[in-house]
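**Q** I'd like to ask you about the structure that follows.
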Amino acid sequence: MPVLLFLIDTSASMNQRTHLGTTYLDIAKGAVETFMKLRGRDPASRGDRYMLVNYEDVPFGIKAGWKESHATFMTELRNLQATGLTTIGQSLRTAFDLLNLNRLVTGIDNYGQGRNPFFLEPAIIIAITDGNKLTSSGGVQDELHLPLTTPLPGSELTKEPFRWDQRLFSLVLRIPGNALVEPEPLGGVPPDESPITPMCEVTGGRSYSVFSQRMLNQCLESLVQKIQSGVVINFEKTGPDPPPLEDAPAEMGKSGPQPWHCCHKLIYVRPNPKTGVPIGHWPIPEAFWPDQNSPTLPPRSAHPHVRFSCLDAEPMVIDKVPFDKYELEPSPLTQYILERKSPHTCWQVFVCNSAKYSDLGQPFGYLKASTALNCVNLFVMPYNYPVLLPLLDDLIKVHKFKPTLKWRQSFENYLKTMPPYYIGSLRKALRIMGAPNLLAENMEYGLSYSVVSYLKKLSQQTKIEYDRLIGSVGKKTPLESGTKVRWRGGGISLARRRDFILQLQNLSGEIPNMPLELNPKEFQGFHLAHLNKSLKPQSFRNPYDIPRSHLLDQLTRMRRNLLNTSVCALRGHDADQLHSVPIAQMGNYQDFLKAAPQPLRDADPEQPKRVHTFGNPFKLDKKGMMIDEADEFVTGPQNKGKRAGDNNMTGGGPKRRRCMSPLLRLGRAYTPPVTPPASPRPSSDLCVSDSLDGPEPDLIINHLHQNHYCPERRSESDPDASEPAAHQNHTGSMNIPEQQHRGEEENGRVRERLSPGRDGVVDLVLDDAQPPRYLSPTALKKHILTETTKVNNDLRALIIKEIRKPGRHYEKIFHLLKQLQGTLDTRLLFLQNIIKEAARFKKRVLIEQLENFLEEIHNRSMNHVDSL
């Protein structure tokens, strides 16, 4: 997971404009966004972590660190302002400390235990600056200096502030203010001559001198290709040069220092395609022999110095003995090795002072060209592998994993010349080979107790510093109350010099008046107040509210307001500054609402509240929306505040829209479509009434007349049939002779007129103004069956939800069961399904109550049939 840290120059010189009309800071922000788009094309960019640091002091300069999201990174990038100094040294140190913050906690550096290339956290620092003078509070600097003091624990263990998997690249903006007449030179982008360039080269990166937008895009594409997982190593030649080949060109035989003698390049550490994490076995040795009596560790260099010998050697590889293979970045060294065209020979590599009795040390691997001669690889083997590998080969092939006494003696002599921190890697390799008992378990790793305890203490301190820094990221710089006046003094001012006074007298002919004696030390603690843009001018007030002691001050303000015709009331402000708002805050309407005074409550709380549509003209209130059966949207509460007389509307009025389901309209009667019979039926065709208790006011009055499944008109003698109609008639005005009731059907509209009949029973009278439209008996029965199934399905979902709730509160279940619709067989089948659902959850008490309820319905139905 590579870390991409952008170091943006926010000095005041970044406000200079180019011939494109934009400032350097705007170009820097656009370059970051362009880089992220180019990087996003690579599938490996999903694990990238972006950080943002500017030139402010710590911790205010860290805008996005380890915990900040991508949205925070983009917001802080857009809000950057160029107002400070060019403190690039301090900012670079802040960036390196931020990257190194978690390394001691994870143990990725492995101090004193060898350098593991497969333990890495690749990071790329991209600095975007204008390359001007390095200014700081102490003056102007000619060279780049990084502070030596840092709050990061354990920084003394490494000589440099960076690590071998961190590289610095710099984009130095040199875009002129006037467009160039000459065409741009084609080819590569040259490095810049600014002080940051040597720092880039030391870390393994480079700088780019950008003169146009085209060159900037070219540099960004090059930087995207530089994001590779790897570590930087210094390769230096030791010993004589190799003998030139017979068919080699004349340039290869030159004497003296050559570019390939010393290279500072990257080796690629490829991640495992299965796990996505690099896997390795052997470390690169330290540049010192570990002493168990030493209380401290010597500091290591950030990049290991690996020396290679140009003597041809035979590459050694043994089956079952693991080795590591790393590809070298193209360099003059790789070019020289490939031009020799000898893929079957290798050059051994060493680390000075890694052995106990040798300055050069023993070989730990070799450089070898690939068989196809397209790259050069670094093979990392066990330490002093020319001695160990033959021993292991004899153990496998000759001794068959049964070592003799002579072999053990040779193996122990090898262990004395091997650094102790190789024991862990060697034990793993022997376990892979099948000989895990060759090494004793009590062999020490070579670090003293004081060093181990010191490293543990550093890990704890780093964790505390990590939490402190993470908590401080995102804090704004505190505003200063004023600028302190400093006396730079001691010298006599120009007005008090005698030669100046005489010269002024000769020119004017008059003796100038000497100023009064001033003591400059009186102003040492004097502060100049800063201009407060948020300060609003005092508005006009009621004169009777002004205290007597403030009348003169108020008169002065009134006179100033009267005579000053400018809109600006504050000195130093103009009209644009008073109303200027940053772009990032222009759409922040919520903060404006919070600062606004609390509005008065609505006079009519029943009316829907008006929702502001600031920033979105299509913004709607989703809470007040309902969907009826015709998928029509209705906004706001329905039929609120309607008078009784409004029901006497003619047919031309708006139609009443129904809710999607009767369950969503609790407390209101649901009236089904009513069709008068074509001819009277005999009394034997009357349906059986299975109603339970009388209808409650808060229940749904279903469209089957309290579970009475009958498509015909009910008789006047049925008492249950008159209750819903009488209840509706009672809610209206008692003096209204007739009331219109409008209902919608799928194949037409039926307009009915309800008139009170005998004994308070409402009779249905057809309106002759419009001929009625009739449903066939089959269509009507199908329609009623559809509505019944729809309501029962909703009831089943609500009842199952109540059954799954813990506890024994079953009142709501029986409350919903009373609203069940359909024939007797339909309701009995429904109850049996509910009992099975309750049995799934082992609700024994509920099952007993449901069985009693089922038996009660059955008994009532049979008794009702017997009475008929």
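Identifiers in the structure tokens: chain A, B, ... in order shown; residue index from 1 per chain; ligand index from 1 in order shown.
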Excluding A:Cys262 and its own-chain neighbours fewer than 2 positions away, which residues fall within 6 Å of it when counting only C-alpha atoms? Please give them as a list in words.
**A** Phe235, Glu236 and Trp260 of chain A
**Q** Write the residues of the preceding selection, restricted to N, CA and C atoms, as an mmCIF file, in the first residue's frame.
**A**
data_model
loop_
_atom_site.group_PDB
_atom_site.id
_atom_site.type_symbol
_atom_site.label_atom_id
_atom_site.label_comp_id
_atom_site.auth_asym_id
_atom_site.auth_seq_id
_atom_site.Cartn_x
_atom_site.Cartn_y
_atom_site.Cartn_z
ATOM 1 N N PHE A 235 25.109 1.100 -4.697
ATOM 2 C CA PHE A 235 26.014 0.080 -5.235
ATOM 3 C C PHE A 235 27.350 0.747 -5.570
ATOM 4 N N GLU A 236 28.448 0.206 -5.014
ATOM 5 C CA GLU A 236 29.793 0.735 -5.255
ATOM 6 C C GLU A 236 30.714 -0.416 -5.657
ATOM 7 N N TRP A 260 29.096 3.685 -13.918
ATOM 8 C CA TRP A 260 28.580 2.461 -13.333
ATOM 9 C C TRP A 260 29.327 2.048 -12.068
#
**Q** Hey, what's within 7 Å of A:Pro363 if we count only C-alpha atoms and toss same-chain stuff fewer than 2 positions away? As number ranges by chain, please?
**A** A: 348-350, 361, 365, 383-385
**Q** Distance atom CA of A:Met51-atom CA of A:Leu5, one decimal place?
**A**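 Atom CA of A:Leu5 lies 4.5 Å from atom CA of A:Met51.
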**Q** Write out, as JSON lines, each residue of stretch 373-393 of chain A that has an atom at most 8 Å from stretch 313-319 of chain A, together with the closest pair of atoms and their distance in Å to one decimal, counting only C-alpha atoms, rows going by chain and rising number.
**A**
{"residue": "A:Pro386", "atom": "CA", "partner": "A:Met316", "partner_atom": "CA", "distance": 7.8}
{"residue": "A:Leu389", "atom": "CA", "partner": "A:Ile318", "partner_atom": "CA", "distance": 7.1}
{"residue": "A:Asp393", "atom": "CA", "partner": "A:Ile318", "partner_atom": "CA", "distance": 7.0}
**Q** List the spatial neighbours of stretch 67-70 of chain A as a ChimeraX atom specification - criterion: any atom at most 12 Å away, only C-alpha atoms, same-chain residues fewer than 2 positions off excluded.
**A** /A:33,36,46,48-52,62-65,72-77,98,466-467,469-474
**Q** Could you write out the selected residues, including N, CA, C and O atoms, as a compact mmCIF listing (two decimals), in the first residue's frame?
**A**
# COMPACT_ATOMS: atom_id res chain seq x y z
N GLU A 33 -4.79 17.05 -8.50
CA GLU A 33 -6.00 16.38 -8.98
C GLU A 33 -5.73 15.59 -10.26
O GLU A 33 -6.25 14.48 -10.44
N MET A 36 -3.97 12.36 -9.38
CA MET A 36 -4.86 11.36 -8.81
C MET A 36 -5.71 10.70 -9.89
O MET A 36 -6.01 9.50 -9.81
N ARG A 46 -6.05 1.15 -5.60
CA ARG A 46 -7.10 1.05 -4.59
C ARG A 46 -6.54 1.11 -3.18
O ARG A 46 -7.23 1.54 -2.26
N ASP A 48 -3.91 2.93 -2.24
CA ASP A 48 -3.11 4.14 -2.02
C ASP A 48 -3.63 4.94 -0.84
O ASP A 48 -4.83 4.99 -0.58
N ARG A 49 -2.70 5.57 -0.13
CA ARG A 49 -3.05 6.48 0.96
C ARG A 49 -2.46 7.85 0.63
O ARG A 49 -1.26 7.97 0.38
N TYR A 50 -3.31 8.88 0.65
CA TYR A 50 -2.88 10.22 0.29
C TYR A 50 -2.74 11.07 1.55
O TYR A 50 -3.59 11.02 2.45
N MET A 51 -1.65 11.84 1.60
CA MET A 51 -1.40 12.77 2.70
C MET A 51 -1.10 14.15 2.12
O MET A 51 -0.63 14.27 0.98
N LEU A 52 -1.34 15.17 2.93
CA LEU A 52 -1.16 16.55 2.48
C LEU A 52 -0.47 17.34 3.58
O LEU A 52 -0.93 17.35 4.73
N ILE A 62 0.12 19.85 8.86
CA ILE A 62 -0.36 18.53 8.44
C ILE A 62 -1.86 18.65 8.20
O ILE A 62 -2.66 18.69 9.14
N LYS A 63 -2.25 18.68 6.97
CA LYS A 63 -3.66 18.84 6.62
C LYS A 63 -4.38 17.50 6.50
O LYS A 63 -5.58 17.43 6.79
N ALA A 64 -3.69 16.47 6.06
CA ALA A 64 -4.29 15.14 5.96
C ALA A 64 -3.20 14.13 6.26
O ALA A 64 -2.17 14.10 5.57
N GLY A 65 -3.41 13.31 7.30
CA GLY A 65 -2.41 12.35 7.73
C GLY A 65 -2.89 10.92 7.61
O GLY A 65 -3.51 10.53 6.62
N THR A 72 -11.67 14.52 3.16
CA THR A 72 -10.94 15.53 3.94
C THR A 72 -9.72 16.01 3.18
O THR A 72 -9.39 17.21 3.19
N PHE A 73 -9.02 15.08 2.52
CA PHE A 73 -7.85 15.46 1.73
C PHE A 73 -8.24 16.46 0.64
O PHE A 73 -7.56 17.49 0.46
N MET A 74 -9.31 16.20 -0.10
CA MET A 74 -9.70 17.10 -1.17
C MET A 74 -10.18 18.45 -0.63
O MET A 74 -9.89 19.50 -1.22
N THR A 75 -10.87 18.44 0.50
CA THR A 75 -11.33 19.71 1.08
C THR A 75 -10.16 20.57 1.52
O THR A 75 -10.11 21.78 1.25
N GLU A 76 -9.19 19.96 2.21
CA GLU A 76 -8.02 20.73 2.66
C GLU A 76 -7.18 21.20 1.48
O GLU A 76 -6.59 22.29 1.54
N LEU A 77 -7.13 20.41 0.41
CA LEU A 77 -6.37 20.84 -0.77
C LEU A 77 -6.99 22.09 -1.38
O LEU A 77 -6.29 23.03 -1.75
N LEU A 98 6.23 12.39 9.79
CA LEU A 98 4.88 11.85 9.67
C LEU A 98 4.90 10.44 9.06
O LEU A 98 4.15 9.56 9.50
N TYR A 466 2.41 9.09 18.32
CA TYR A 466 1.50 8.86 17.19
C TYR A 466 0.09 9.29 17.54
O TYR A 466 -0.57 10.01 16.77
N ASP A 467 -0.40 8.90 18.71
CA ASP A 467 -1.75 9.28 19.12
C ASP A 467 -1.86 10.79 19.32
O ASP A 467 -2.89 11.40 18.98
N LEU A 469 -0.07 13.18 17.79
CA LEU A 469 -0.03 13.88 16.50
C LEU A 469 -1.32 13.65 15.72
O LEU A 469 -1.83 14.57 15.07
N ILE A 470 -1.87 12.44 15.78
CA ILE A 470 -3.11 12.16 15.07
C ILE A 470 -4.24 13.02 15.63
O ILE A 470 -5.08 13.53 14.89
N GLY A 471 -4.25 13.22 16.95
CA GLY A 471 -5.30 14.05 17.55
C GLY A 471 -5.16 15.52 17.22
O GLY A 471 -6.14 16.26 17.26
N SER A 472 -3.95 15.96 16.90
CA SER A 472 -3.73 17.39 16.61
C SER A 472 -3.90 17.73 15.15
O SER A 472 -3.91 18.92 14.80
N VAL A 473 -4.00 16.73 14.27
CA VAL A 473 -4.17 17.01 12.83
C VAL A 473 -5.55 17.60 12.60
O VAL A 473 -6.56 17.13 13.12
N GLY A 474 -5.60 18.63 11.79
CA GLY A 474 -6.87 19.27 11.47
C GLY A 474 -7.15 20.51 12.27
O GLY A 474 -8.12 21.22 11.98
**Q** Name the closest residue to A:His303 among the candidates A:Trp164, A:Phe830, A:Tyr544, A:Tyr55; distances are taken between atoms, counting only C-alpha atoms.
**A** A:Trp164
**Q** Sorted by chain and rising residue number, list the residues of stretch 199-228 of chain A at most 12 Å from stretch 321-331 of chain A (counting only C-alpha atoms), each with its closest atom pair and distance in Å to one decimal, as CSV.
**A**
residue,atom,partner,partner_atom,distance
A:Gly204,CA,A:Glu329,CA,11.0
A:Lys226,CA,A:Glu329,CA,10.6
A:Gln228,CA,A:Glu329,CA,10.1
**Q** Here is a test: counting only C-alpha atoms, which residue of A:Arg167, A:Arg174, A:Arg468, A:Lys341 is nearest to A:Cys200?
**A**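 Of A:Arg167, A:Arg174, A:Arg468, A:Lys341, the one nearest A:Cys200, counting only C-alpha atoms, is A:Arg167.
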**Q** Interatomic distance between atom CA of A:Lys368 and atom CA of A:Gly276?
**A** 26.2 Å
**Q** Within 9 Å of A:Asn132, counting only C-alpha atoms, which residues qualify if same-chain residues fewer than 5 places away don't, as a PyMOL selection string?
**A** chain A and resi 13+86+194
**Q** Next, dump the selected residues to file, keeping only N, CA and C atoms, as a JSON list (two decimals), in the first residue's frame.
**A**
[["chain", "number", "residue", "atom", "x", "y", "z"],
["A", 13, "SER", "N", 4.97, 33.76, -2.37],
["A", 13, "SER", "CA", 5.40, 33.84, -3.76],
["A", 13, "SER", "C", 4.59, 32.92, -4.68],
["A", 86, "THR", "N", 8.86, 30.48, 2.88],
["A", 86, "THR", "CA", 9.34, 29.28, 2.19],
["A", 86, "THR", "C", 10.19, 28.46, 3.14],
["A", 194, "SER", "N", 17.26, 24.40, -8.21],
["A", 194, "SER", "CA", 16.87, 24.91, -6.91],
["A", 194, "SER", "C", 17.53, 24.09, -5.80]]
